[in-house]
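**Q** What follows is upload_5.cif, made up of mmCIF, C-alpha atoms, pLDDT in the B column; chains and numbers go by the auth columns:
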data_structure
loop_
_atom_site.group_PDB
_atom_site.id
_atom_site.type_symbol
_atom_site.label_atom_id
_atom_site.label_comp_id
_atom_site.label_asym_id
_atom_site.label_seq_id
_atom_site.Cartn_x
_atom_site.Cartn_y
_atom_site.Cartn_z
_atom_site.B_iso_or_equiv
_atom_site.auth_seq_id
_atom_site.auth_asym_id
ATOM 1 C CA MET A 1 -90.284 -84.948 66.176 55.00 1 A
ATOM 2 C CA PRO A 2 -93.248 -82.536 66.459 65.00 2 A
ATOM 3 C CA LYS A 3 -96.005 -82.711 63.883 72.00 3 A
ATOM 4 C CA LEU A 4 -97.391 -79.823 61.895 81.00 4 A
ATOM 5 C CA THR A 5 -101.128 -79.659 62.621 79.00 5 A
ATOM 6 C CA LEU A 6 -103.093 -78.264 59.707 87.00 6 A
ATOM 7 C CA ARG A 7 -106.850 -77.934 59.253 85.00 7 A
ATOM 8 C CA LYS A 8 -109.048 -76.585 56.475 86.00 8 A
ATOM 9 C CA VAL A 9 -112.074 -74.711 57.815 83.00 9 A
ATOM 10 C CA ASN A 10 -114.997 -73.242 55.879 82.00 10 A
ATOM 11 C CA ALA A 11 -115.913 -69.988 57.641 83.00 11 A
ATOM 12 C CA PHE A 12 -119.269 -68.258 57.160 80.00 12 A
ATOM 13 C CA THR A 13 -121.172 -71.454 56.449 75.00 13 A
ATOM 14 C CA THR A 14 -123.640 -73.668 58.225 67.00 14 A
ATOM 15 C CA GLY A 15 -122.755 -77.313 58.423 62.00 15 A
ATOM 16 C CA GLY A 16 -119.242 -76.887 57.000 57.00 16 A
ATOM 17 C CA LEU A 17 -120.205 -78.356 53.647 63.00 17 A
ATOM 18 C CA ALA A 18 -117.428 -78.584 51.072 67.00 18 A
ATOM 19 C CA GLY A 19 -117.642 -75.858 48.479 71.00 19 A
ATOM 20 C CA THR A 20 -119.562 -73.482 50.773 77.00 20 A
ATOM 21 C CA GLY A 21 -118.425 -70.581 52.910 82.00 21 A
ATOM 22 C CA ASN A 22 -114.986 -69.030 52.799 89.00 22 A
ATOM 23 C CA PRO A 23 -112.206 -71.624 53.290 90.00 23 A
ATOM 24 C CA ALA A 24 -109.013 -70.970 55.231 94.00 24 A
ATOM 25 C CA ALA A 25 -106.193 -73.193 56.398 95.00 25 A
ATOM 26 C CA VAL A 26 -105.250 -73.118 60.075 94.00 26 A
ATOM 27 C CA CYS A 27 -101.814 -74.300 61.167 93.00 27 A
ATOM 28 C CA LEU A 28 -101.191 -74.844 64.891 88.00 28 A
ATOM 29 C CA LEU A 29 -97.477 -74.324 65.602 87.00 29 A
ATOM 30 C CA GLU A 30 -96.237 -75.894 68.821 81.00 30 A
ATOM 31 C CA ALA A 31 -93.210 -74.265 70.452 78.00 31 A
ATOM 32 C CA ALA A 32 -90.911 -77.056 69.214 78.00 32 A
ATOM 33 C CA LEU A 33 -91.726 -76.139 65.593 84.00 33 A
ATOM 34 C CA LEU A 34 -91.182 -72.369 65.799 83.00 34 A
ATOM 35 C CA ALA A 35 -87.413 -72.414 65.266 80.00 35 A
ATOM 36 C CA SER A 36 -87.852 -74.459 62.080 84.00 36 A
ATOM 37 C CA MET A 37 -90.687 -72.289 60.659 90.00 37 A
ATOM 38 C CA PRO A 38 -89.165 -69.129 59.166 93.00 38 A
ATOM 39 C CA ASP A 39 -91.459 -66.783 57.269 95.00 39 A
ATOM 40 C CA SER A 40 -90.204 -68.172 53.961 95.00 40 A
ATOM 41 C CA LEU A 41 -91.404 -71.673 54.900 94.00 41 A
ATOM 42 C CA ARG A 42 -94.754 -70.342 56.133 95.00 42 A
ATOM 43 C CA GLN A 43 -95.129 -68.563 52.808 96.00 43 A
ATOM 44 C CA SER A 44 -94.231 -71.714 50.864 96.00 44 A
ATOM 45 C CA ILE A 45 -96.779 -73.766 52.808 95.00 45 A
ATOM 46 C CA ALA A 46 -99.493 -71.163 52.179 96.00 46 A
ATOM 47 C CA ALA A 47 -98.655 -71.121 48.461 97.00 47 A
ATOM 48 C CA ASP A 48 -98.710 -74.924 48.332 96.00 48 A
ATOM 49 C CA ILE A 49 -102.103 -75.075 50.074 95.00 49 A
ATOM 50 C CA GLY A 50 -103.447 -72.520 47.616 96.00 50 A
ATOM 51 C CA LEU A 51 -106.349 -71.158 49.707 95.00 51 A
ATOM 52 C CA SER A 52 -106.902 -67.412 49.967 95.00 52 A
ATOM 53 C CA GLU A 53 -105.381 -67.406 53.493 96.00 53 A
ATOM 54 C CA THR A 54 -103.445 -69.680 55.788 97.00 54 A
ATOM 55 C CA ALA A 55 -103.456 -68.734 59.482 97.00 55 A
ATOM 56 C CA TYR A 56 -100.544 -69.665 61.739 95.00 56 A
ATOM 57 C CA VAL A 57 -101.400 -69.917 65.443 91.00 57 A
ATOM 58 C CA GLU A 58 -98.506 -70.097 67.886 87.00 58 A
ATOM 59 C CA PRO A 59 -97.888 -69.743 71.641 80.00 59 A
ATOM 60 C CA THR A 60 -97.288 -66.174 72.851 80.00 60 A
ATOM 61 C CA GLU A 61 -94.522 -67.383 75.186 73.00 61 A
ATOM 62 C CA PRO A 62 -92.957 -70.446 73.540 66.00 62 A
ATOM 63 C CA ALA A 63 -90.399 -70.970 76.328 60.00 63 A
ATOM 64 C CA SER A 64 -93.183 -71.684 78.841 61.00 64 A
ATOM 65 C CA CYS A 65 -95.011 -74.080 76.498 60.00 65 A
ATOM 66 C CA LYS A 66 -93.288 -77.421 76.674 60.00 66 A
ATOM 67 C CA GLY A 67 -94.718 -80.563 75.108 56.00 67 A
ATOM 68 C CA SER A 68 -97.953 -81.101 73.269 56.00 68 A
ATOM 69 C CA GLY A 69 -101.288 -79.815 74.483 65.00 69 A
ATOM 70 C CA VAL A 70 -100.296 -76.147 74.513 67.00 70 A
ATOM 71 C CA PHE A 71 -103.446 -75.294 72.575 71.00 71 A
ATOM 72 C CA LYS A 72 -105.599 -76.843 75.301 67.00 72 A
ATOM 73 C CA GLN A 73 -103.634 -75.349 78.215 68.00 73 A
ATOM 74 C CA HIS A 74 -103.545 -71.684 77.171 69.00 74 A
ATOM 75 C CA ASP A 75 -106.052 -69.109 75.957 71.00 75 A
ATOM 76 C CA THR A 76 -103.794 -66.468 74.365 79.00 76 A
ATOM 77 C CA PHE A 77 -101.862 -66.992 71.124 83.00 77 A
ATOM 78 C CA LYS A 78 -100.091 -65.128 68.318 89.00 78 A
ATOM 79 C CA LEU A 79 -101.814 -65.182 64.950 93.00 79 A
ATOM 80 C CA ARG A 80 -100.400 -64.421 61.491 95.00 80 A
ATOM 81 C CA TRP A 81 -101.997 -64.723 58.054 96.00 81 A
ATOM 82 C CA PHE A 82 -100.371 -65.589 54.730 97.00 82 A
ATOM 83 C CA THR A 83 -101.937 -65.578 51.269 97.00 83 A
ATOM 84 C CA PRO A 84 -100.249 -67.643 48.552 96.00 84 A
ATOM 85 C CA ALA A 85 -98.295 -64.473 47.654 97.00 85 A
ATOM 86 C CA ALA A 86 -97.626 -62.508 50.882 96.00 86 A
ATOM 87 C CA GLU A 87 -98.254 -62.017 54.583 96.00 87 A
ATOM 88 C CA VAL A 88 -101.308 -59.819 55.258 96.00 88 A
ATOM 89 C CA PRO A 89 -102.087 -57.653 58.315 95.00 89 A
ATOM 90 C CA LEU A 90 -105.576 -59.028 59.002 93.00 90 A
ATOM 91 C CA CYS A 91 -107.983 -61.680 57.740 94.00 91 A
ATOM 92 C CA GLY A 92 -111.446 -62.081 59.249 90.00 92 A
ATOM 93 C CA HIS A 93 -112.422 -65.505 57.980 92.00 93 A
ATOM 94 C CA ALA A 94 -109.056 -67.058 58.856 94.00 94 A
ATOM 95 C CA THR A 95 -109.353 -65.560 62.366 90.00 95 A
ATOM 96 C CA LEU A 96 -112.764 -67.168 62.791 87.00 96 A
ATOM 97 C CA ALA A 97 -111.408 -70.423 61.375 89.00 97 A
ATOM 98 C CA SER A 98 -108.570 -70.340 63.940 89.00 98 A
ATOM 99 C CA ALA A 99 -111.038 -69.814 66.787 84.00 99 A
ATOM 100 C CA ALA A 100 -113.145 -72.704 65.491 82.00 100 A
ATOM 101 C CA VAL A 101 -110.112 -75.004 65.519 83.00 101 A
ATOM 102 C CA LEU A 102 -109.230 -73.930 69.059 81.00 102 A
ATOM 103 C CA PHE A 103 -112.981 -74.040 69.955 72.00 103 A
ATOM 104 C CA THR A 104 -112.703 -71.915 73.044 53.00 104 A
ATOM 105 C CA GLY A 105 -112.558 -68.245 73.867 50.00 105 A
ATOM 106 C CA VAL A 106 -109.100 -67.047 72.899 56.00 106 A
ATOM 107 C CA LEU A 107 -107.096 -63.858 72.572 59.00 107 A
ATOM 108 C CA LEU A 108 -105.102 -63.685 69.348 60.00 108 A
ATOM 109 C CA GLY A 109 -102.286 -61.129 69.240 64.00 109 A
ATOM 110 C CA SER A 110 -101.604 -59.875 65.724 67.00 110 A
ATOM 111 C CA CYS A 111 -99.977 -56.948 63.976 72.00 111 A
ATOM 112 C CA SER A 112 -103.510 -55.492 63.828 69.00 112 A
ATOM 113 C CA GLY A 113 -103.891 -55.655 67.624 70.00 113 A
ATOM 114 C CA VAL A 114 -105.463 -58.121 70.035 68.00 114 A
ATOM 115 C CA LEU A 115 -108.420 -59.979 68.530 62.00 115 A
ATOM 116 C CA HIS A 116 -110.989 -61.666 70.766 60.00 116 A
ATOM 117 C CA ALA A 117 -112.591 -64.772 69.279 58.00 117 A
ATOM 118 C CA GLY A 118 -114.769 -67.488 70.676 55.00 118 A
ATOM 119 C CA HIS A 119 -117.701 -69.807 70.188 51.00 119 A
ATOM 120 C CA THR A 120 -121.172 -68.502 70.921 51.00 120 A
ATOM 121 C CA PRO A 121 -124.082 -70.884 70.437 48.00 121 A
ATOM 122 C CA THR A 122 -126.839 -69.304 68.368 44.00 122 A
ATOM 123 C CA LYS A 123 -130.432 -70.151 67.786 43.00 123 A
ATOM 124 C CA GLY A 124 -131.838 -70.489 64.279 41.00 124 A
ATOM 125 C CA CYS A 125 -132.817 -67.290 62.533 38.00 125 A
ATOM 126 C CA ALA A 126 -136.453 -66.804 61.663 38.00 126 A
ATOM 127 C CA ALA A 127 -137.076 -66.040 58.025 37.00 127 A
ATOM 128 C CA SER A 128 -138.574 -62.625 57.469 33.00 128 A
ATOM 129 C CA LYS A 129 -141.753 -62.300 55.456 35.00 129 A
ATOM 130 C CA SER A 130 -142.068 -59.511 52.931 34.00 130 A
#
Take the structure from the file and write it as structure tokens.
**A**
Amino acid sequence: MPKLTLRKVNAFTTGGLAGTGNPAAVCLLEAALLASMPDSLRQSIAADIGLSETAYVEPTEPASCKGSGVFKQHDTFKLRWFTPAAEVPLCGHATLASAAVLFTGVLLGSCSGVLHAGHTPTKGCAASKS
């Protein structure tokens, strides 16, 4: 039986410290789980988690994604966001959280269009003097 993979990610933070940033849940849905994950169940899970958004990442072509490892083998996925009360058309921090979980450049198809997300190493910012 396939497992439901769920992660909590603090977006917009350095170091991922608890209580900092903007938390979102990210749920990776393998093809085998899609038939058993109607919108009502996704909504119930998001309400149970209780964060401002829960992102559901799933294969764009489930029929071609057999077995585990789909999230390492592909770079394009569908993405949907649920608050505890309703599905929403777009959520920035949950999109970034999804990309962080996937940790590679990805294309996320959503009802808001195709979103490009990826990891870009950055150097520390210099503090400005006033």
**Q** Tell me, in Å to one decimal, how far CA of Cys91 (chain A) is from CA of Glu61 (chain A).
**A**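 Those two atoms sit 22.8 Å apart.
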**Q** Name the residues in contact with Leu29 (chain A) at a cut-off of 8 Å, using all atoms listed in the file, excluding same-chain residues fewer than 6 positions from it; report them as a PDB file with C-alpha atoms, in the frame of the given file.
**A**
ATOM      1  CA  LEU A   4     -97.391 -79.823  61.895  1.00 81.00           C
ATOM      2  CA  THR A   5    -101.128 -79.659  62.621  1.00 79.00           C
ATOM      3  CA  TYR A  56    -100.544 -69.665  61.739  1.00 95.00           C
ATOM      4  CA  VAL A  57    -101.400 -69.917  65.443  1.00 91.00           C
ATOM      5  CA  GLU A  58     -98.506 -70.097  67.886  1.00 87.00           C
ATOM      6  CA  PRO A  59     -97.888 -69.743  71.641  1.00 80.00           C
TER       7      PRO A  59
END
**Q** I need the residue nearest Gly113 (chain A) from this list: A:Leu90, A:Ala55, A:Ala99, A:Leu28. Use only C-alpha atoms for the distance.
**A**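 Looking at the shortest contact to Gly113 (chain A), the residue is A:Leu90.
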**Q** Name all residues at most 8 Å from region 77-87 of chain A (count only C-alpha atoms; drop same-chain ones fewer than 4 positions away) and give them as a ChimeraX atom specification.
**A** /A:42-44,46-60,91,94-95,106-111
**Q** Choose the residue, out of A:Gly92, A:Lys3, A:Ile45, A:Ser98, that has the smallest atom-to-atom separation from Ala31 (chain A); count only C-alpha atoms.
**A**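 Smallest distance to Ala31 (chain A) is found for A:Lys3.
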**Q** Could you jot down the CA of Ala97 (chain A) to CA of Ala11 (chain A) separation for me, Å, one decimal place?
**A**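 Taking CA of Ala97 (chain A) and CA of Ala11 (chain A), their separation equals 5.9 Å.
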**Q** Would you mind telling me which residue in A:Leu6, A:Leu96, A:Leu102, A:Leu41 lies nearest to Ala25 (chain A) when using only C-alpha atoms?
**A** A:Leu6
**Q** Record the distance separating CA of Asn10 (chain A) and CA of Asn22 (chain A), expressed in Å with one decimal.
**A**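 Straight-line distance from CA of Asn10 (chain A) to CA of Asn22 (chain A) works out to 5.2 Å.
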**Q** Could you tell me which of A:Val88, A:Thr76, A:Val9, A:Val101 comes closest to Ala24 (chain A) if we count only C-alpha atoms?
**A**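 Selected residue with least distance to Ala24 (chain A): A:Val9.
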**Q** Put the listed atoms of region 33-48 of chain A in a box along x, y and z with 3 Å added on every side and give me the centre and edge lengths in Å to one decimal, as AutoDock Vina command-line options.
**A**
--center_x -93.5 --center_y -71.5 --center_z 57.1 --size_x 18.1 --size_y 15.4 --size_z 23.5
